[in-house]
$ cat work-v2.tsv   # TSV, C-alpha atoms and all ligand atoms
chain	number	residue	atom	x	y	z
T	1	MET	CA	93.76	103.83	67.46
T	2	SER	CA	94.75	100.99	65.20
T	3	PRO	CA	95.73	97.63	66.65
T	4	ARG	CA	98.13	97.16	63.73
T	5	ARG	CA	101.58	96.04	64.73
T	6	ILE	CA	104.63	96.39	62.51
T	7	PRO	CA	106.81	93.27	62.53
T	8	VAL	CA	110.43	93.96	63.46
T	9	HIS	CA	111.76	92.89	60.04
T	10	ALA	CA	109.40	95.35	58.31
T	11	ASP	CA	110.14	98.36	60.50
T	12	ALA	CA	111.51	100.99	58.14
T	13	VAL	CA	112.91	103.02	61.04
T	14	GLY	CA	115.02	100.08	62.21
T	15	ARG	CA	113.62	99.74	65.70
T	16	ARG	CA	114.14	96.40	67.29
T	17	GLU	CA	112.37	94.73	70.14
T	18	VAL	CA	114.24	94.50	73.43
T	19	PRO	CA	112.72	91.74	75.55
T	20	LEU	CA	112.06	92.13	79.25
T	21	ARG	CA	110.64	89.90	81.94
T	22	ILE	CA	108.60	90.95	84.95
T	23	THR	CA	107.08	89.01	87.80
T	24	VAL	CA	103.41	89.50	88.57
T	25	ASP	CA	102.13	87.64	91.62
T	26	ASP	CA	104.98	85.13	91.24
T	27	GLU	CA	104.18	84.57	87.56
T	28	LEU	CA	106.86	85.43	85.00
T	29	LEU	CA	105.56	87.53	82.12
T	30	ASP	CA	107.52	88.53	79.05
T	31	GLY	CA	107.21	91.90	77.43
T	32	ILE	CA	109.03	94.32	75.19
T	33	ALA	CA	110.88	97.42	76.34
T	34	GLY	CA	108.56	100.38	76.03
T	35	GLN	CA	105.42	98.53	77.05
T	36	THR	CA	103.61	99.68	80.13
T	37	ILE	CA	102.97	97.23	82.93
T	38	ALA	CA	99.33	97.19	81.81
T	39	GLY	CA	100.50	96.44	78.27
T	40	VAL	CA	102.46	93.43	79.45
T	41	LEU	CA	99.51	92.22	81.51
T	42	LEU	CA	97.08	92.65	78.62
T	43	ALA	CA	99.44	90.92	76.20
T	44	ALA	CA	99.55	88.01	78.63
T	45	GLY	CA	95.77	87.79	78.51
T	46	ARG	CA	95.09	89.30	81.92
T	47	LEU	CA	92.22	91.73	81.50
T	48	ALA	CA	91.65	92.37	85.23
T	49	TRP	CA	93.98	92.21	88.22
T	50	ARG	CA	92.08	93.66	91.14
T	51	ARG	CA	88.51	94.21	92.36
T	52	GLY	CA	86.57	97.40	92.98
T	53	PRO	CA	84.41	98.04	96.09
T	54	SER	CA	81.49	96.21	94.50
T	55	GLY	CA	83.67	93.23	93.74
T	56	ALA	CA	83.69	94.00	90.03
T	57	PRO	CA	86.94	93.21	88.23
T	58	ARG	CA	89.27	96.09	87.46
T	59	GLY	CA	92.07	96.41	84.94
T	60	VAL	CA	92.56	99.06	82.30
T	61	PHE	CA	89.62	101.42	81.92
T	62	CYS	CA	90.88	104.77	80.66
T	63	GLY	CA	94.42	103.77	79.76
T	64	ILE	CA	95.67	107.33	80.25
T	65	GLY	CA	96.21	107.60	84.00
T	66	VAL	CA	92.90	109.20	84.99
T	67	CYS	CA	90.66	106.52	86.49
T	68	PHE	CA	93.11	104.66	88.79
T	69	ASP	CA	91.42	101.35	87.99
T	70	CYS	CA	94.71	99.72	87.07
T	71	LEU	CA	96.60	100.11	90.38
T	72	VAL	CA	99.36	97.65	91.23
T	73	THR	CA	102.26	97.51	93.65
T	74	VAL	CA	105.70	97.68	92.05
T	75	GLY	CA	108.33	96.50	94.49
T	76	ASP	CA	107.45	98.38	97.69
T	77	GLU	CA	105.62	101.18	95.92
T	78	ARG	CA	101.84	100.92	96.24
T	79	ASP	CA	99.18	102.45	94.04
T	80	VAL	CA	101.18	102.58	90.83
T	81	ARG	CA	99.05	103.10	87.75
T	82	ALA	CA	99.94	100.20	85.50
T	83	CYS	CA	98.86	102.12	82.41
T	84	ARG	CA	101.37	104.89	83.13
T	85	ARG	CA	104.44	102.99	84.32
T	86	ARG	CA	106.70	101.42	81.77
T	87	ALA	CA	107.68	97.90	82.64
T	88	ARG	CA	111.33	97.45	83.50
T	89	ASP	CA	113.15	94.18	83.26
T	90	GLY	CA	113.06	92.51	86.65
T	91	ASP	CA	110.11	94.45	88.05
T	92	VAL	CA	108.33	92.56	90.82
T	93	ILE	CA	104.66	93.42	90.77
T	94	THR	CA	101.88	92.38	93.08
T	95	THR	CA	98.24	92.98	92.44
T	96	GLN	CA	96.36	94.84	95.16
T	97	ARG	CA	93.44	93.62	97.22
T	98	ARG	CA	91.06	95.38	99.53
T	99	ALA	CA	91.20	94.91	103.32
T	100	ALA	CA	87.96	92.94	103.22
T	101	GLU	CA	89.77	90.37	101.11
T	102	GLY	CA	92.42	89.91	103.79
T	103	ALA	CA	95.34	91.76	102.25
T	104	ASN	CA	97.22	94.91	103.24
T	105	PHE	CA	94.95	97.48	101.60
T	106	PRO	CA	94.95	100.52	103.93
T	107	ALA	CA	91.66	101.54	105.56
T	108	THR	CA	90.39	104.79	104.07
T	109	ASP	CA	86.81	104.81	105.30
T	110	GLY	CA	87.53	105.89	108.85
T	111	GLY	CA	88.09	102.31	109.98
R	201	LIG	S1	93.54	102.60	83.31
R	201	LIG	FE1	92.85	104.46	84.11
R	201	LIG	S2	94.50	105.10	85.36
R	201	LIG	FE2	95.22	103.30	84.44
$ encode --input "work-v2.tsv" --output "C-alpha cells"
Amino acid sequence: MSPRRIPVHADAVGRREVPLRITVDDELLDGIAGQTIAGVLLAAGRLAWRRGPSGAPRGVFCGIGVCFDCLVTVGDERDVRACRRRARDGDVITTQRRAAEGANFPATDGG
C-alpha cells in the first residue's frame, strides 16, 4: 500500500474532505469523514491506546479487524475495533484498560 495522499485541489474525481471531530479520553481530535477511528488516532500521532496482558502497548496491528488489538469504547459500546469503525463527527471514545489497572474491564479469567 502506498502512503501517497492526493491533495484535495488535485483530486481529479472531485472528492472533497469533510472534517469531523471526535473526543478520545477528553482530547479533541480532528479527522476527515471516511477515516476509521484508528486512522484518526494514528493521524494524531497516537500509535498505542491500550495495554495487552503483558503490559505491552497495543494499537493497530492487523488493521483489518482480525487481531482485536485496537479495541476502544465508543459511547457506551465496548470492544469496538477502531480499525473497522469509521469515525463519526461527535463520537466520544474512551480507551480501554484491564481490571488490574483499576478500570472497568470485565473479568474473563474466572475471577
Ligand atoms: S488492528 Fe487488528 S482488529 Fe483492529
$ residues_near_ligand --input "work-v2.tsv" --ligand "ligand LIG 201 (chain R)" --cutoff "10 Å" --atoms "all atoms listed in the file" --output "PyMOL selection string"
chain T and resi 37-38+58-72+80-85
$ atom_distance --input "work-v2.tsv" --atom1 "atom CA of T:Val92" --atom2 "atom CA of T:Ile6"
28.8 Å
$ atom_distance --input "work-v2.tsv" --atom1 "atom CA of T:Ala44" --atom2 "atom CA of T:Thr73"
18.0 Å
$ closest_residue --input "work-v2.tsv" --among "T:Gly90, T:Gly52, T:Gly34, T:Gly39" --to "T:Arg16" --atoms "all atoms listed in the file"
T:Gly34
$ residues_around --input "work-v2.tsv" --residues "T:Leu28" --least-positions-apart "3" --cutoff "12 Å" --atoms "all atoms listed in the file" --output "count of residues only"
16
$ atom_distance --input "work-v2.tsv" --atom1 "atom CA of T:Leu29" --atom2 "atom CA of T:Gly55"
25.4 Å
$ closest_residue --input "work-v2.tsv" --among "T:Arg97, T:Arg50, T:Arg86, T:His9" --to "T:Ala33" --atoms "only C-alpha atoms"
T:Arg86
$ closest_residue --input "work-v2.tsv" --among "T:Arg51, T:Pro7, T:Glu77, T:Arg46" --to "T:Glu27" --atoms "only C-alpha atoms"
T:Arg46
$ closest_residue --input "work-v2.tsv" --among "T:Ala48, T:Arg5, T:Pro57, T:Gln96" --to "T:Val74" --atoms "all atoms listed in the file"
T:Gln96
$ closest_residue --input "work-v2.tsv" --among "T:Asp30, T:Trp49, T:Ser54, T:Asp11" --to "T:Thr95" --atoms "all atoms listed in the file"
T:Trp49
$ closest_residue --input "work-v2.tsv" --among "T:Pro53, T:Ile32, T:Leu47, T:Leu42" --to "T:Val8" --atoms "only C-alpha atoms"
T:Ile32
